[in-house]
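Since the structure comes first, as structure tokens, the remarks are kept for the end.
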Amino acid sequence: MSAPQFLENFLQALTAGLLTGAVYGLMCVGLSVIFGVIRVINFAQGDFMMLGMYAAFYAFSLLGLQTWFGAMAPYVAALLAGPMLFLVGVMVHKFLVSKVTGMRGHGLAAEGHYAQLILTLGVALIIQNGGLYLFGSAPVSIPTPLASSAWELGPLYENAVSIFINQGQAMAALIAVAVVLAFVHFMGQSTLGKSLRAAADNPEAATYMGIDVAKSHQLAFGLGVAITAIGGGLLASGISFQPYIGLEYVIVMYAGVVLGGLGSITGAFIGGLTIGLVQQLSTLILPIQLQNTAIFVVFLGIVLLRPHGLFGTAARRT
Amino acid sequence: MSIRRRQAILISAFGLVYVLVTALTHHTYYQLILTVVPIWAVMGLAWNVLSGYSGFVSFGHAAFFGLGAYFVALSQINWGLSPWIGIPCAGIVGAIVGLVVGIPTFRLRGHYFALAMLAYPLALLYVFEWLGYQELALPMQRAAPIAYMQFDDHRVYAWLALALMIVAMFVTAWVERSRFGMSLVAIREDEAAAEAAGIQTIRWKLKAITLSGAMAGVAGGFYAVVLLVVTPPAVFGMLVSAQALIVAMFGGVGTLWDPVIGAIVLVPLSEILHAQLGNIIPGIQGVVYGIAIVAVILLAPEGVFWKIKDMISRRLRHPVVVSDGQQIGLTIADLSTRQSPTEVIFEAIDVSKHFGGLQAVRNVSLRVKRGEILGIIGPNGAGKTTLFNLLNGFIRPDTGRILLEGKEVTGQSPYQICAAGVG
């Protein structure tokens with residue numbers, strides 16, 4: 001491969017990595033909110049993402065969004081997946097997760113962490129396999145007109161190196177960044193966001209300040225699921241998917257969240273962005289089938305070498 | 001009758017019943033179910049050896065299972081190796097992989113450990129697909145079927161599976177009774193305390209994952225022989241790891257019979273539902289397992305078996321006389337009779353430790369003479385706990401030395417310092 005050719009491939013992979021990474025970042029933020037506020041490792045997050053994809057798919061195909069929004073319809077559908085999955089998240093928390101978290105979790109072994117992990121594993125299995133029944137096993141996709149057009153940057157170097165930016169991916173990345181910014185603003189500025197952070201920081205003190213911690217947990221779970229679902233909906237405008245897709249992405253999300261430091265929102269976004277870059281750049285040196293293996297290896301590397309995230313510090317308690 | 005003998009008799013009786021039931025089954029589909037039940041029980045027992053006793057929850061037992069299955073399939077296809085040799089070798093493969101996975105992964109705890117374990121089988125799944133092993137079929141050996149574990153009578157498979165399971169049960173029974181199992185339970189209850197009590201925790205954890213990997217590898221190898229076709233999703237998939245965990249959790253974690261009970265209830269249930277309704281409701285197997293886990297966690301976290309046993313025994317309960325427990329003796333040494341009160345047995349010299357910018361302990365020196373009781377007092381945050389952690393090895397001092405009976409113990413592990421006589 002000639003040098004300009006390699007440069008072009010590299011820049012192309014870099015752009016693709018940043019664009020998909022922004023969407024991964026959004027999905028990671030959802031997972032991170034749940035961990036940050038409730039301290040629950042939600043294993044079913046990938047499957048909630050899958051539900052978000054199908055929610056966007058059905059919103060797109062059944063509501064006739066195209067007549068109103070034209071080329072923007074897939075993105076509107078993705079945003080609609082948020083409120084739909086918010087309700088699902090609140091229900092799952094109310095009837096299942098809340099039984100093994102908060103005060104109830106304290107009586108269980110390891111403060112209920114194992115119970116939570118295993119419970120959400122069960123939820124994941126039910127959603128995945130139930131999805132097979134509801135949605136069928138055939139892959140579906142959301143037809144996105146923007147995905148077939150691209151902007152060309154360049155030629156940058158002697159008529160040779162130019163970068164193509166897929167308009168569909170760029171739009172998805174843009175919306176992902178906007179949602180993350182809106183959410184960061186919400187958490188930082190609004191009273192509700194502040195009460196969520198208070199409930200996360202010190203549940204007992206928050207209770208004394210008149211915050212309903214149980215409600216906050218429910219809200220955080222719903223929001224986390226909704227944010228990841230929007231990410232899924234955005235992803236669905238670029239790829240085809242089936243009910244088992246969640247499993248691959250649960251690792252993608254955990255890799256990003258752990259990379260950014262469990263519980264940190266901006267960290268999670270940067271982590272997701274990095275994972276997107278790793279995934280796309282790995283295609284330069286590895287066969288495409290090993291793309292996911294590269295992510296898993298990076299994930300294992302992060303967990304083993306820096307379990308507190310790239311920006312976190314270790315504290316061993318005895 | 002000793003517990004050991006009663007256990008042996010129970011296992012034998014169970015085996016006998018199972019042999020008879022299998023002998024009377026003529027439908028090949030039910031014979032297949034009777035074969036897979038013990039295989040999943042072995043997987044549950046394997047999971048239990050690691051996660052049930054030590055509390056390190058594994059979401060990745062499919063890695064060992066899948067490598068075992070692929071080893072048996074590939075060794076037969078490429079080298080003509082008979083499964084009679086291949087399956088024990090699959091156990092060795094599982095053991096080695098267990099050790100290799102365990103060494104880095106045991107640095108993690110709790111959910112980090114569980115998540116890291118999940119990544120291994122999924123990474124392997126893609127690697128095997130990339131290698132082009134999407135679907136491996138074990139070749140028919142018409143010349144010497146029995147030498148290659150190929151039987152016309154499918155009941156033989158069920159009996160072999162049963163034999164495997166009984167071996168796995170005896171192995172588990174041995175683990176449970178020995179220092180091995182007790183060390184693992186101590187680790188589950190409180191790893192730091194176990195270490196301080198003189199248990200070399202990492203050694204026992206590695207032994208557990210090696211044994212667990214071996215058992216799962218054998219199960220996978222035999223599974224390949226029974227099903228004759230190996231595909232990456234079928235042996236490395238999420239459902240394999242989940243099934244090992246559920247079968248073990250369903251009965252109740254950490255005892256010998258529970259994975260067996262879980263397998264006997266859940267495997268036929270999901271298989272039959274799959275056969276009856278699989279066309280109408282695809283994925284019913286996964287849903288059944290999912291509901292089983294959720295129900296167990298919410299309703300009977302101690303295990304369905306124990307819950308039911310509890311309910312029955314509560315109904316039958318007679319008043320029980322609570323006897324006083326053994327009196328815990330407190331011996332107060334008569335200090336004056338100890339010899340040579342000037343002999344220094346424990347000494348810390350200029351020990352310091354800082355955490356980031358916080359100097360927790362600065363240049364502390366102390367000497368403990370034989371028979372002497374030395375108290376350490378100080379206000380909150382003075383560094384008392386840090387000093388103790390330095391002395392018993394949980395924290396390494398930045399500077400200074402710690403001597404026990406004149407020998408340097410600075411930087412040794414807690415279990416070593418404990419074994420030397422501290423604590």
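Residue numbers start at 1 in each chain; chains themselves are named A, B, ... in the order of the structure tokens; ligands are numbered from 1 in the order shown.
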Distance table requested - chain B against chain A, cut-off 6 Å, only C-alpha atoms: one row per qualifying residue with the closest atom pair and its distance in Å to one decimal, ordered by chain and rising residue number, as JSON lines.
```
{"residue": "B:Ala119", "atom": "CA", "partner": "A:Phe296", "partner_atom": "CA", "distance": 5.8}
{"residue": "B:Ala123", "atom": "CA", "partner": "A:Thr293", "partner_atom": "CA", "distance": 4.7}
{"residue": "B:Trp130", "atom": "CA", "partner": "A:Gln289", "partner_atom": "CA", "distance": 5.9}
{"residue": "B:Ile281", "atom": "CA", "partner": "A:Tyr133", "partner_atom": "CA", "distance": 5.4}
{"residue": "B:Pro282", "atom": "CA", "partner": "A:Tyr133", "partner_atom": "CA", "distance": 5.5}
{"residue": "B:Gly283", "atom": "CA", "partner": "A:Asn129", "partner_atom": "CA", "distance": 4.5}
{"residue": "B:Gly286", "atom": "CA", "partner": "A:Asn129", "partner_atom": "CA", "distance": 5.5}
{"residue": "B:Val287", "atom": "CA", "partner": "A:Ile126", "partner_atom": "CA", "distance": 4.5}
{"residue": "B:Gly290", "atom": "CA", "partner": "A:Gly122", "partner_atom": "CA", "distance": 4.0}
{"residue": "B:Ile293", "atom": "CA", "partner": "A:Gly122", "partner_atom": "CA", "distance": 5.3}
{"residue": "B:Val294", "atom": "CA", "partner": "A:Leu119", "partner_atom": "CA", "distance": 5.3}
```
May I have the selected residues written with N, CA and C atoms, as a PDB file, in the first residue's frame?
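Result file is result.pdb:
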```
ATOM      1  N   ALA B 119     -16.102 -11.334  28.549  1.00  0.00           N
ATOM      2  CA  ALA B 119     -15.443 -10.958  27.297  1.00  0.00           C
ATOM      3  C   ALA B 119     -14.686 -12.128  26.652  1.00  0.00           C
ATOM      4  N   ALA B 123     -14.989 -12.994  22.672  1.00  0.00           N
ATOM      5  CA  ALA B 123     -13.835 -12.770  21.801  1.00  0.00           C
ATOM      6  C   ALA B 123     -13.491 -14.052  21.052  1.00  0.00           C
ATOM      7  N   TRP B 130     -13.766 -16.378  12.460  1.00  0.00           N
ATOM      8  CA  TRP B 130     -12.780 -15.848  11.530  1.00  0.00           C
ATOM      9  C   TRP B 130     -11.879 -16.958  11.011  1.00  0.00           C
ATOM     10  N   ILE B 281     -42.887 -19.974  19.016  1.00  0.00           N
ATOM     11  CA  ILE B 281     -42.196 -18.996  19.857  1.00  0.00           C
ATOM     12  C   ILE B 281     -40.703 -19.292  19.814  1.00  0.00           C
ATOM     13  N   PRO B 282     -39.987 -18.757  18.843  1.00  0.00           N
ATOM     14  CA  PRO B 282     -38.544 -19.004  18.834  1.00  0.00           C
ATOM     15  C   PRO B 282     -37.917 -18.329  20.050  1.00  0.00           C
ATOM     16  N   GLY B 283     -36.828 -18.881  20.524  1.00  0.00           N
ATOM     17  CA  GLY B 283     -36.157 -18.271  21.665  1.00  0.00           C
ATOM     18  C   GLY B 283     -36.813 -18.595  22.986  1.00  0.00           C
ATOM     19  N   GLY B 286     -34.392 -19.438  25.903  1.00  0.00           N
ATOM     20  CA  GLY B 286     -33.774 -18.303  26.576  1.00  0.00           C
ATOM     21  C   GLY B 286     -34.739 -17.625  27.526  1.00  0.00           C
ATOM     22  N   VAL B 287     -35.991 -17.517  27.099  1.00  0.00           N
ATOM     23  CA  VAL B 287     -36.988 -16.870  27.947  1.00  0.00           C
ATOM     24  C   VAL B 287     -37.179 -17.680  29.224  1.00  0.00           C
ATOM     25  N   GLY B 290     -34.280 -17.085  31.394  1.00  0.00           N
ATOM     26  CA  GLY B 290     -34.334 -15.722  31.923  1.00  0.00           C
ATOM     27  C   GLY B 290     -35.326 -15.613  33.063  1.00  0.00           C
ATOM     28  N   ILE B 293     -34.050 -17.279  36.216  1.00  0.00           N
ATOM     29  CA  ILE B 293     -33.081 -16.501  36.999  1.00  0.00           C
ATOM     30  C   ILE B 293     -33.785 -15.402  37.767  1.00  0.00           C
ATOM     31  N   VAL B 294     -34.633 -14.654  37.054  1.00  0.00           N
ATOM     32  CA  VAL B 294     -35.295 -13.526  37.710  1.00  0.00           C
ATOM     33  C   VAL B 294     -36.101 -14.028  38.902  1.00  0.00           C
TER      34      VAL B 294
END
```
Next on the checklist: as a PyMOL selection string, please: the residues near B:Ala219 (cut-off 9 Å, only C-alpha atoms, same-chain neighbours under 4 positions excluded).
Outcome noted: chain B and resi 39-40+42-43+65+68-69+87+90-91+161+164+214-215+223-224
Checklist entry - Quick one: distance from atom CA of B:Ala295 to atom CA of B:Leu266 in Å, one decimal? => result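 The value is 12.9 Å.
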Checklist entry - What's the 12 Å shell around B:Glu343, counting only C-alpha atoms, without same-chain residues fewer than 4 positions away, as a list of chain:residue names? => result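 Here the answer would be B:Arg338, B:Gln339, B:Glu347, B:Arg367, B:Val368, B:Lys369, B:Arg370, B:Gly371, B:Glu372, B:Leu404, B:Glu405, B:Gly406.
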Resulting file, chosen residues, N, CA and C atoms, as a CSV table (one decimal), in the first residue's frame:
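Result file follows (part-v3.csv):
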```csv
chain,number,residue,atom,x,y,z
B,338,ARG,N,6.3,-15.3,82.0
B,338,ARG,CA,7.1,-15.4,80.8
B,338,ARG,C,8.5,-15.2,81.0
B,339,GLN,N,9.3,-15.9,80.2
B,339,GLN,CA,10.8,-15.7,80.4
B,339,GLN,C,11.3,-14.5,79.7
B,347,GLU,N,9.3,-5.9,65.7
B,347,GLU,CA,9.9,-4.6,65.7
B,347,GLU,C,9.6,-3.9,64.4
B,367,ARG,N,8.7,-1.4,69.4
B,367,ARG,CA,9.3,-2.7,69.7
B,367,ARG,C,8.3,-3.5,70.7
B,368,VAL,N,8.1,-4.7,70.4
B,368,VAL,CA,7.2,-5.5,71.3
B,368,VAL,C,8.1,-6.6,71.9
B,369,LYS,N,8.1,-6.6,73.2
B,369,LYS,CA,8.9,-7.6,73.9
B,369,LYS,C,8.0,-8.8,74.1
B,370,ARG,N,8.7,-10.0,74.3
B,370,ARG,CA,7.9,-11.2,74.6
B,370,ARG,C,7.0,-11.0,75.8
B,371,GLY,N,5.7,-11.3,75.7
B,371,GLY,CA,4.9,-11.2,76.8
B,371,GLY,C,4.3,-9.8,77.1
B,372,GLU,N,4.8,-8.9,76.3
B,372,GLU,CA,4.4,-7.5,76.5
B,372,GLU,C,3.1,-7.2,75.8
B,404,LEU,N,10.2,-9.6,62.5
B,404,LEU,CA,9.5,-10.5,63.4
B,404,LEU,C,10.6,-11.5,63.8
B,405,GLU,N,10.8,-11.5,65.1
B,405,GLU,CA,11.8,-12.4,65.7
B,405,GLU,C,13.1,-12.2,65.0
B,406,GLY,N,13.4,-11.0,64.7
B,406,GLY,CA,14.7,-10.7,64.0
B,406,GLY,C,14.7,-10.9,62.5
```
Next on the checklist: List as an MDAnalysis selection string the protein and nucleic acid residues near A:Gly25, meaning an atom at most 6 Å away when only C-alpha atoms are counted, but skip any in the same chain fewer than 6 places from it.
Outcome noted: chainID A and resid 269 272:273
Keeping C-alpha atoms for every residue in the selection just given, could you write it to a file as a short mmCIF file (atom, residue, chain, number, x, y, z; two decimals), in the first residue's frame?
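Final file, again.cif:
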```
data_model
loop_
_atom_site.label_atom_id
_atom_site.label_comp_id
_atom_site.auth_asym_id
_atom_site.auth_seq_id
_atom_site.Cartn_x
_atom_site.Cartn_y
_atom_site.Cartn_z
CA PHE A 269 -18.75 9.84 26.47
CA GLY A 272 -17.35 5.56 24.00
CA LEU A 273 -15.67 7.84 21.49
#
```
Checklist entry - In Å, with one decimal, what is the gap from atom CA of A:Phe95 to atom CA of A:Leu31? => result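 That distance, rounded to one decimal, is 19.3 Å.
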Next on the checklist: Would you pick out the contacts of B:Glu135 at 7 Å or less, using only C-alpha atoms, so that residues sharing its chain but fewer than 4 positions from it are not included, and give the list as JSON, numbers by chain?
Outcome noted: {"B": [229, 230, 231]}
Give me, as an mmCIF file with C-alpha atoms, in the first residue's frame, all polymer residues having an atom no more than 12 Å from B:Asn48, counting only C-alpha atoms and skipping those fewer than 5 positions away in the same chain.
```
data_model
loop_
_atom_site.group_PDB
_atom_site.id
_atom_site.type_symbol
_atom_site.label_atom_id
_atom_site.label_comp_id
_atom_site.auth_asym_id
_atom_site.auth_seq_id
_atom_site.Cartn_x
_atom_site.Cartn_y
_atom_site.Cartn_z
ATOM 1 C CA TRP B 40 -25.412 -29.277 31.950
ATOM 2 C CA ALA B 41 -25.263 -30.572 35.489
ATOM 3 C CA VAL B 42 -21.492 -30.972 35.013
ATOM 4 C CA MET B 43 -21.366 -27.383 33.704
ATOM 5 C CA TYR B 53 -17.767 -21.513 46.719
ATOM 6 C CA SER B 54 -15.451 -18.555 46.130
ATOM 7 C CA GLY B 55 -18.133 -15.983 45.257
ATOM 8 C CA PHE B 56 -16.320 -14.866 42.102
ATOM 9 C CA VAL B 57 -19.238 -14.886 39.675
ATOM 10 C CA SER B 58 -18.220 -16.037 36.210
ATOM 11 C CA HIS B 61 -17.745 -20.489 31.400
ATOM 12 C CA ALA B 168 -17.932 -34.450 38.833
ATOM 13 C CA MET B 169 -20.132 -34.884 41.917
ATOM 14 C CA VAL B 171 -14.886 -34.241 42.804
ATOM 15 C CA THR B 172 -17.189 -31.533 44.155
ATOM 16 C CA ALA B 173 -17.830 -33.546 47.317
ATOM 17 C CA VAL B 175 -13.688 -30.048 47.289
ATOM 18 C CA GLU B 176 -16.487 -29.326 49.713
ATOM 19 C CA GLY B 181 -13.562 -25.783 49.683
ATOM 20 C CA LEU B 184 -12.882 -20.823 48.983
ATOM 21 C CA VAL B 185 -15.838 -20.229 51.289
ATOM 22 C CA ALA B 208 -10.578 -23.365 41.712
ATOM 23 C CA ILE B 209 -10.646 -21.827 38.246
ATOM 24 C CA LEU B 211 -10.472 -27.315 38.243
ATOM 25 C CA SER B 212 -13.610 -25.497 37.120
ATOM 26 C CA GLY B 213 -12.162 -24.970 33.633
ATOM 27 C CA MET B 215 -14.722 -29.773 34.300
ATOM 28 C CA ALA B 216 -16.277 -27.358 31.815
ATOM 29 C CA ALA B 244 -24.121 -22.989 33.707
ATOM 30 C CA LEU B 245 -24.902 -20.170 36.101
ATOM 31 C CA ILE B 246 -28.658 -20.699 36.151
ATOM 32 C CA VAL B 247 -28.515 -24.428 36.630
ATOM 33 C CA ALA B 248 -26.289 -23.859 39.653
ATOM 34 C CA MET B 249 -28.209 -20.868 41.022
ATOM 35 C CA PHE B 250 -31.595 -22.506 40.617
ATOM 36 C CA GLY B 251 -30.887 -25.133 43.203
ATOM 37 C CA GLY B 252 -28.970 -22.775 45.444
ATOM 38 C CA VAL B 253 -25.364 -21.751 45.294
ATOM 39 C CA GLY B 254 -22.527 -23.586 46.886
ATOM 40 C CA THR B 255 -23.592 -27.160 47.463
ATOM 41 C CA LEU B 256 -23.160 -30.448 45.727
ATOM 42 C CA TRP B 257 -26.683 -31.413 44.715
ATOM 43 C CA ASP B 258 -27.988 -28.058 43.599
ATOM 44 C CA PRO B 259 -26.588 -27.913 40.056
ATOM 45 C CA VAL B 260 -27.901 -31.450 39.528
ATOM 46 C CA GLY B 262 -31.276 -27.334 38.585
#
```
Item to check | Those in stretch 226-287 of chain B with helix (DSSP H, G or I) from DSSP, as JSON, numbers by chain | outcome: {"B": [226, 227, 232, 233, 234, 235, 236, 238, 239, 240, 241, 242, 243, 244, 245, 246, 247, 248, 249, 250, 251, 258, 259, 260, 261, 262, 263, 264, 265, 266, 267, 268, 269, 270, 271, 272, 273, 274, 275, 276, 277, 284, 285, 286, 287]}
With C-alpha atoms retained, export the selected residues as a short mmCIF file (atom, residue, chain, number, x, y, z; two decimals), in the first residue's frame.
```cif
data_model
loop_
_atom_site.label_atom_id
_atom_site.label_comp_id
_atom_site.auth_asym_id
_atom_site.auth_seq_id
_atom_site.Cartn_x
_atom_site.Cartn_y
_atom_site.Cartn_z
CA VAL B 226 -23.18 -36.10 21.43
CA LEU B 227 -24.33 -33.40 19.04
CA PRO B 232 -19.23 -21.04 17.59
CA PRO B 233 -22.57 -19.62 18.85
CA ALA B 234 -23.65 -23.02 20.18
CA VAL B 235 -20.55 -23.49 22.34
CA PHE B 236 -19.21 -19.97 22.99
CA MET B 238 -24.01 -16.27 25.99
CA LEU B 239 -26.60 -18.95 26.64
CA VAL B 240 -23.89 -21.50 27.49
CA SER B 241 -22.40 -19.34 30.24
CA ALA B 242 -25.85 -18.33 31.40
CA GLN B 243 -27.05 -21.92 31.52
CA ALA B 244 -24.12 -22.99 33.71
CA LEU B 245 -24.90 -20.17 36.10
CA ILE B 246 -28.66 -20.70 36.15
CA VAL B 247 -28.51 -24.43 36.63
CA ALA B 248 -26.29 -23.86 39.65
CA MET B 249 -28.21 -20.87 41.02
CA PHE B 250 -31.60 -22.51 40.62
CA GLY B 251 -30.89 -25.13 43.20
CA ASP B 258 -27.99 -28.06 43.60
CA PRO B 259 -26.59 -27.91 40.06
CA VAL B 260 -27.90 -31.45 39.53
CA ILE B 261 -31.37 -30.48 40.70
CA GLY B 262 -31.28 -27.33 38.59
CA ALA B 263 -30.31 -29.31 35.49
CA ILE B 264 -32.95 -31.98 36.07
CA VAL B 265 -35.71 -29.38 36.34
CA LEU B 266 -34.66 -26.72 33.85
CA VAL B 267 -33.02 -28.58 30.97
CA PRO B 268 -35.96 -30.89 30.15
CA LEU B 269 -38.40 -28.04 30.72
CA SER B 270 -36.69 -25.75 28.23
CA GLU B 271 -35.98 -28.58 25.77
CA ILE B 272 -39.56 -29.81 25.74
CA LEU B 273 -40.95 -26.29 25.45
CA HIS B 274 -38.51 -25.68 22.64
CA ALA B 275 -39.63 -28.84 20.85
CA GLN B 276 -43.32 -28.15 21.35
CA LEU B 277 -43.42 -24.41 20.83
CA ILE B 284 -38.45 -19.87 24.23
CA GLN B 285 -35.44 -21.60 25.79
CA GLY B 286 -33.77 -18.30 26.58
CA VAL B 287 -36.99 -16.87 27.95
#
```
Item to check | Of the listed residues A:Ala147, A:Leu7, A:Leu80, A:Val298, that which approaches A:Ser237 most closely, counting only C-alpha atoms | outcome: A:Ala147
Checklist entry - In Å to one decimal, how far is atom CA of B:Ala420 from atom CA of B:Ala197? => result 11.2 Å
Checklist entry - Using only C-alpha atoms, which residues sit within 8 Å of B:Ala63 once same-chain residues fewer than 5 positions away are excluded, as JSON, numbers by chain? => result {"B": [120, 121, 124, 236]}
Checklist entry - Using the chain letters and numbers from this document, which residues of stretch 42-156 of chain A does DSSP assign to strand (DSSP E or B), as a PyMOL selection string? => result chain A and resi 140+150-153
Could you dump the residues just selected with N, CA and C atoms as a compact mmCIF listing (two decimals), in the first residue's frame?
```txt
# COMPACT_ATOMS: atom_id res chain seq x y z
N VAL A 140 -33.38 -6.35 10.12
CA VAL A 140 -34.11 -5.24 9.50
C VAL A 140 -33.22 -4.00 9.54
N ALA A 150 -22.46 11.56 0.72
CA ALA A 150 -21.31 11.93 1.55
C ALA A 150 -20.74 13.25 1.10
N TRP A 151 -20.13 13.94 2.07
CA TRP A 151 -19.36 15.12 1.71
C TRP A 151 -17.93 14.68 1.44
N GLU A 152 -17.30 15.35 0.49
CA GLU A 152 -15.91 14.99 0.23
C GLU A 152 -15.02 16.12 0.73
N LEU A 153 -14.07 15.78 1.57
CA LEU A 153 -13.07 16.74 2.03
C LEU A 153 -11.80 16.49 1.23
```
